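Novice: Here you go, query.cif (mmCIF, C-alpha atoms):
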data_model
loop_
_atom_site.group_PDB
_atom_site.id
_atom_site.type_symbol
_atom_site.label_atom_id
_atom_site.label_comp_id
_atom_site.auth_asym_id
_atom_site.auth_seq_id
_atom_site.Cartn_x
_atom_site.Cartn_y
_atom_site.Cartn_z
ATOM 1 C CA MET A 1 89.071 156.308 132.599
ATOM 2 C CA SER A 2 87.529 158.033 129.589
ATOM 3 C CA GLU A 3 87.064 156.216 126.296
ATOM 4 C CA GLN A 4 89.476 158.632 124.617
ATOM 5 C CA LYS A 5 92.226 157.868 127.158
ATOM 6 C CA LYS A 6 91.678 154.136 126.638
ATOM 7 C CA LYS A 7 92.049 154.557 122.877
ATOM 8 C CA ILE A 8 95.190 156.648 123.265
ATOM 9 C CA GLY A 9 96.713 154.091 125.619
ATOM 10 C CA PHE A 10 95.866 151.272 123.233
ATOM 11 C CA THR A 11 97.384 153.139 120.289
ATOM 12 C CA VAL A 12 100.578 153.777 122.259
ATOM 13 C CA ALA A 13 100.773 150.093 123.195
ATOM 14 C CA CYS A 14 100.318 149.057 119.553
ATOM 15 C CA VAL A 15 103.061 151.404 118.372
ATOM 16 C CA ASN A 16 105.393 150.117 121.105
ATOM 17 C CA GLU A 17 104.735 146.483 120.197
ATOM 18 C CA PHE A 18 105.217 147.226 116.491
ATOM 19 C CA ALA A 19 108.519 148.954 117.285
ATOM 20 C CA ARG A 20 109.669 146.000 119.375
ATOM 21 C CA LYS A 21 108.702 143.439 116.710
ATOM 22 C CA TYR A 22 110.516 145.250 113.901
ATOM 23 C CA ASN A 23 113.440 146.583 115.944
ATOM 24 C CA LEU A 24 112.460 150.225 115.382
ATOM 25 C CA SER A 25 112.447 153.180 117.695
ATOM 26 C CA VAL A 26 108.976 154.170 118.859
ATOM 27 C CA GLN A 27 109.232 157.304 116.723
ATOM 28 C CA GLU A 28 110.142 155.283 113.619
ATOM 29 C CA ALA A 29 107.276 152.876 114.256
ATOM 30 C CA PHE A 30 104.806 155.726 114.676
ATOM 31 C CA ARG A 31 105.942 157.423 111.475
ATOM 32 C CA TYR A 32 105.718 154.153 109.553
ATOM 33 C CA LEU A 33 102.245 153.335 110.879
ATOM 34 C CA PHE A 34 101.065 156.888 110.282
ATOM 35 C CA HIS A 35 102.429 156.920 106.729
ATOM 36 C CA PHE A 36 100.767 153.614 105.786
ATOM 37 C CA LYS A 37 97.488 154.355 107.615
ATOM 38 C CA GLY A 38 98.086 151.912 110.469
ATOM 39 C CA ILE A 39 97.262 154.591 113.052
ATOM 40 C CA ASP A 40 93.972 155.302 111.280
ATOM 41 C CA PHE A 41 93.251 151.570 111.270
ATOM 42 C CA ILE A 42 93.821 151.342 115.026
ATOM 43 C CA LYS A 43 91.540 154.315 115.675
ATOM 44 C CA GLU A 44 88.781 153.118 113.351
ATOM 45 C CA ASN A 45 88.828 149.508 114.566
ATOM 46 C CA TYR A 46 89.497 150.003 118.263
ATOM 47 C CA ASP A 47 86.278 148.257 119.330
ATOM 48 C CA VAL A 48 87.433 144.961 117.826
ATOM 49 C CA GLU A 49 91.218 145.256 117.884
ATOM 50 C CA HIS A 50 91.508 145.988 121.614
ATOM 51 C CA THR A 51 89.962 142.582 122.337
ATOM 52 C CA LEU A 52 92.692 140.731 120.407
ATOM 53 C CA ASP A 53 96.187 139.613 121.376
ATOM 54 C CA PHE A 54 99.097 141.722 120.121
ATOM 55 C CA GLU A 55 100.289 139.050 117.690
ATOM 56 C CA THR A 56 96.952 139.251 115.877
ATOM 57 C CA ILE A 57 96.884 143.045 116.081
ATOM 58 C CA LEU A 58 100.365 143.254 114.538
ATOM 59 C CA GLU A 59 99.286 140.891 111.744
ATOM 60 C CA ASP A 60 96.271 143.136 111.094
ATOM 61 C CA LEU A 61 98.481 146.227 111.050
ATOM 62 C CA GLY A 62 100.857 144.543 108.617
ATOM 63 C CA MET A 63 97.997 143.685 106.260
ATOM 64 C CA MET A 64 96.660 147.229 106.452
ATOM 65 C CA CYS A 65 100.060 148.774 105.724
ATOM 66 C CA ARG A 66 100.565 146.460 102.732
ATOM 67 C CA ARG A 67 97.150 147.447 101.378
ATOM 68 C CA ASN A 68 98.176 151.081 101.671
ATOM 69 C CA GLY A 69 101.353 150.783 99.679
ATOM 70 C CA GLU A 70 103.963 149.126 101.854
ATOM 71 C CA LYS A 71 105.917 146.543 99.890
ATOM 72 C CA THR A 72 107.480 143.389 101.277
ATOM 73 C CA SER A 73 110.748 144.184 103.044
ATOM 74 C CA MET A 74 110.252 147.924 102.486
ATOM 75 C CA LEU A 75 110.316 148.422 106.231
ATOM 76 C CA LEU A 76 113.912 147.271 106.446
ATOM 77 C CA LYS A 77 115.073 148.731 103.113
ATOM 78 C CA GLN A 78 113.719 152.201 103.786
ATOM 79 C CA LYS A 79 114.107 152.333 107.532
ATOM 80 C CA LYS A 80 116.181 155.503 107.154
ATOM 81 C CA HIS A 81 113.133 157.262 105.668
ATOM 82 C CA PHE A 82 111.318 156.997 109.004
ATOM 83 C CA ARG A 83 114.198 158.378 111.046
ATOM 84 C CA SER A 84 114.483 162.068 111.727
#
Reformat the file's structure so that it appears as structure tokens.
Specialist:
Amino acid sequence: MSEQKKKIGFTVACVNEFARKYNLSVQEAFRYLFHFKGIDFIKENYDVEHTLDFETILEDLGMMCRRNGEKTSMLLKQKKHFRS
């Protein structure tokens, strides 16, 4: 399997786990992570992040999103914003 396919698969898995943890659709989770640079974080840190368990990865994503403007409880308060 190519490195690019591995990274895509890992990104999809991260989005799915994030969606499951926060009770979002996969589309909502992707939009949220894209908006707050979580997708960029996954891509840029794949070499380390793919070696970690999903609990740790989700903690890392949460920290990254907060650093990029997400406020505590914003995910639940503005969930409608990430729906189409």
Novice: If the PyMOL selection byres ((chain A and resi 3-20) around 7) is run on the structure shown, which residues does it catch, given as a list in words?
Specialist: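 Matching residues under the PyMOL selection byres ((chain A and resi 3-20) around 7) are Met1, Ser2, Lys21, Tyr22, Asn23, Leu24, Ser25, Val26, Ala29, Phe30, Ile42, Tyr46 and Leu58 of chain A.
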Novice: Run the PyMOL selection byres ((chain A and resi 37) around 12) on the file and write out the hits as a count of residues only.
Specialist: 26
Novice: I'd like the box whose edges run along x, y and z of the file and which contains every listed atom of segment 8-16 of chain A, padded by 3 Å per side; could you state its centre and edge lengths in Å, one decimal, as lines of an AutoDock Vina configuration file?
Specialist:
center_x = 100.3
center_y = 152.9
center_z = 122.0
size_x = 16.2
size_y = 13.6
size_z = 13.2
Novice: Limit the output to C-alpha atoms and give chain A as an mmCIF file, in the first residue's frame.
Specialist:
data_model
loop_
_atom_site.group_PDB
_atom_site.id
_atom_site.type_symbol
_atom_site.label_atom_id
_atom_site.label_comp_id
_atom_site.auth_asym_id
_atom_site.auth_seq_id
_atom_site.Cartn_x
_atom_site.Cartn_y
_atom_site.Cartn_z
ATOM 1 C CA MET A 1 0.000 0.000 0.000
ATOM 2 C CA SER A 2 1.359 3.432 -0.884
ATOM 3 C CA GLU A 3 2.250 5.954 1.800
ATOM 4 C CA GLN A 4 -0.455 8.295 0.505
ATOM 5 C CA LYS A 5 -3.143 5.602 0.853
ATOM 6 C CA LYS A 6 -1.969 4.878 4.402
ATOM 7 C CA LYS A 7 -2.250 8.564 5.297
ATOM 8 C CA ILE A 8 -5.705 8.834 3.755
ATOM 9 C CA GLY A 9 -6.882 5.748 5.624
ATOM 10 C CA PHE A 10 -5.487 7.091 8.880
ATOM 11 C CA THR A 11 -7.170 10.461 8.359
ATOM 12 C CA VAL A 12 -10.502 8.760 7.662
ATOM 13 C CA ALA A 13 -10.128 6.665 10.817
ATOM 14 C CA CYS A 14 -9.360 9.773 12.891
ATOM 15 C CA VAL A 15 -12.401 11.615 11.554
ATOM 16 C CA ASN A 16 -14.600 8.576 12.254
ATOM 17 C CA GLU A 17 -13.317 8.253 15.819
ATOM 18 C CA PHE A 18 -13.762 11.990 16.417
ATOM 19 C CA ALA A 19 -17.333 11.755 15.107
ATOM 20 C CA ARG A 20 -18.067 8.795 17.369
ATOM 21 C CA LYS A 21 -16.585 10.488 20.456
ATOM 22 C CA TYR A 22 -18.555 13.707 19.991
ATOM 23 C CA ASN A 23 -21.739 12.169 18.579
ATOM 24 C CA LEU A 24 -21.348 13.909 15.208
ATOM 25 C CA SER A 25 -21.916 12.693 11.704
ATOM 26 C CA VAL A 26 -18.705 11.971 9.818
ATOM 27 C CA GLN A 27 -19.384 15.012 7.642
ATOM 28 C CA GLU A 28 -19.822 17.268 10.686
ATOM 29 C CA ALA A 29 -16.628 15.921 12.234
ATOM 30 C CA PHE A 30 -14.679 16.497 9.030
ATOM 31 C CA ARG A 31 -15.947 20.059 8.685
ATOM 32 C CA TYR A 32 -15.111 20.807 12.315
ATOM 33 C CA LEU A 33 -11.607 19.340 12.059
ATOM 34 C CA PHE A 34 -11.003 21.086 8.748
ATOM 35 C CA HIS A 35 -12.208 24.431 10.106
ATOM 36 C CA PHE A 36 -9.988 24.265 13.208
ATOM 37 C CA LYS A 37 -6.953 22.830 11.371
ATOM 38 C CA GLY A 38 -7.257 19.324 12.815
ATOM 39 C CA ILE A 39 -6.991 17.775 9.343
ATOM 40 C CA ASP A 40 -3.793 19.733 8.704
ATOM 41 C CA PHE A 41 -2.469 18.529 12.058
ATOM 42 C CA ILE A 42 -3.147 14.899 11.144
ATOM 43 C CA LYS A 43 -1.414 15.295 7.782
ATOM 44 C CA GLU A 44 1.597 17.141 9.186
ATOM 45 C CA ASN A 45 2.094 14.809 12.158
ATOM 46 C CA TYR A 46 1.202 11.469 10.606
ATOM 47 C CA ASP A 47 4.617 9.938 11.340
ATOM 48 C CA VAL A 48 4.082 10.260 15.092
ATOM 49 C CA GLU A 49 0.301 10.244 15.436
ATOM 50 C CA HIS A 50 -0.258 6.956 13.590
ATOM 51 C CA THR A 51 1.795 5.180 16.262
ATOM 52 C CA LEU A 52 -0.512 6.355 19.072
ATOM 53 C CA ASP A 53 -3.812 5.019 20.386
ATOM 54 C CA PHE A 54 -6.975 6.851 19.324
ATOM 55 C CA GLU A 55 -7.612 8.253 22.802
ATOM 56 C CA THR A 56 -4.281 10.083 22.643
ATOM 57 C CA ILE A 57 -4.846 11.135 19.035
ATOM 58 C CA LEU A 58 -8.248 12.607 19.930
ATOM 59 C CA GLU A 59 -6.682 14.489 22.856
ATOM 60 C CA ASP A 60 -4.053 15.885 20.471
ATOM 61 C CA LEU A 61 -6.737 16.906 17.982
ATOM 62 C CA GLY A 62 -8.703 18.615 20.741
ATOM 63 C CA MET A 63 -5.646 20.604 21.825
ATOM 64 C CA MET A 64 -4.919 21.606 18.240
ATOM 65 C CA CYS A 65 -8.494 22.747 17.612
ATOM 66 C CA ARG A 66 -8.489 24.808 20.825
ATOM 67 C CA ARG A 67 -5.230 26.463 19.772
ATOM 68 C CA ASN A 68 -6.850 27.361 16.468
ATOM 69 C CA GLY A 69 -9.851 29.096 17.930
ATOM 70 C CA GLU A 70 -12.240 26.458 19.203
ATOM 71 C CA LYS A 71 -13.661 27.437 22.575
ATOM 72 C CA THR A 72 -14.741 25.069 25.322
ATOM 73 C CA SER A 73 -18.164 23.609 24.558
ATOM 74 C CA MET A 74 -18.266 25.370 21.176
ATOM 75 C CA LEU A 75 -18.565 21.995 19.504
ATOM 76 C CA LEU A 76 -21.929 21.360 21.111
ATOM 77 C CA LYS A 77 -23.176 24.969 21.033
ATOM 78 C CA GLN A 78 -22.439 25.491 17.357
ATOM 79 C CA LYS A 79 -22.996 21.989 16.080
ATOM 80 C CA LYS A 80 -25.546 23.354 13.603
ATOM 81 C CA HIS A 81 -22.770 25.381 11.938
ATOM 82 C CA PHE A 82 -21.074 22.171 10.792
ATOM 83 C CA ARG A 83 -24.223 20.651 9.328
ATOM 84 C CA SER A 84 -25.138 21.212 5.721
#
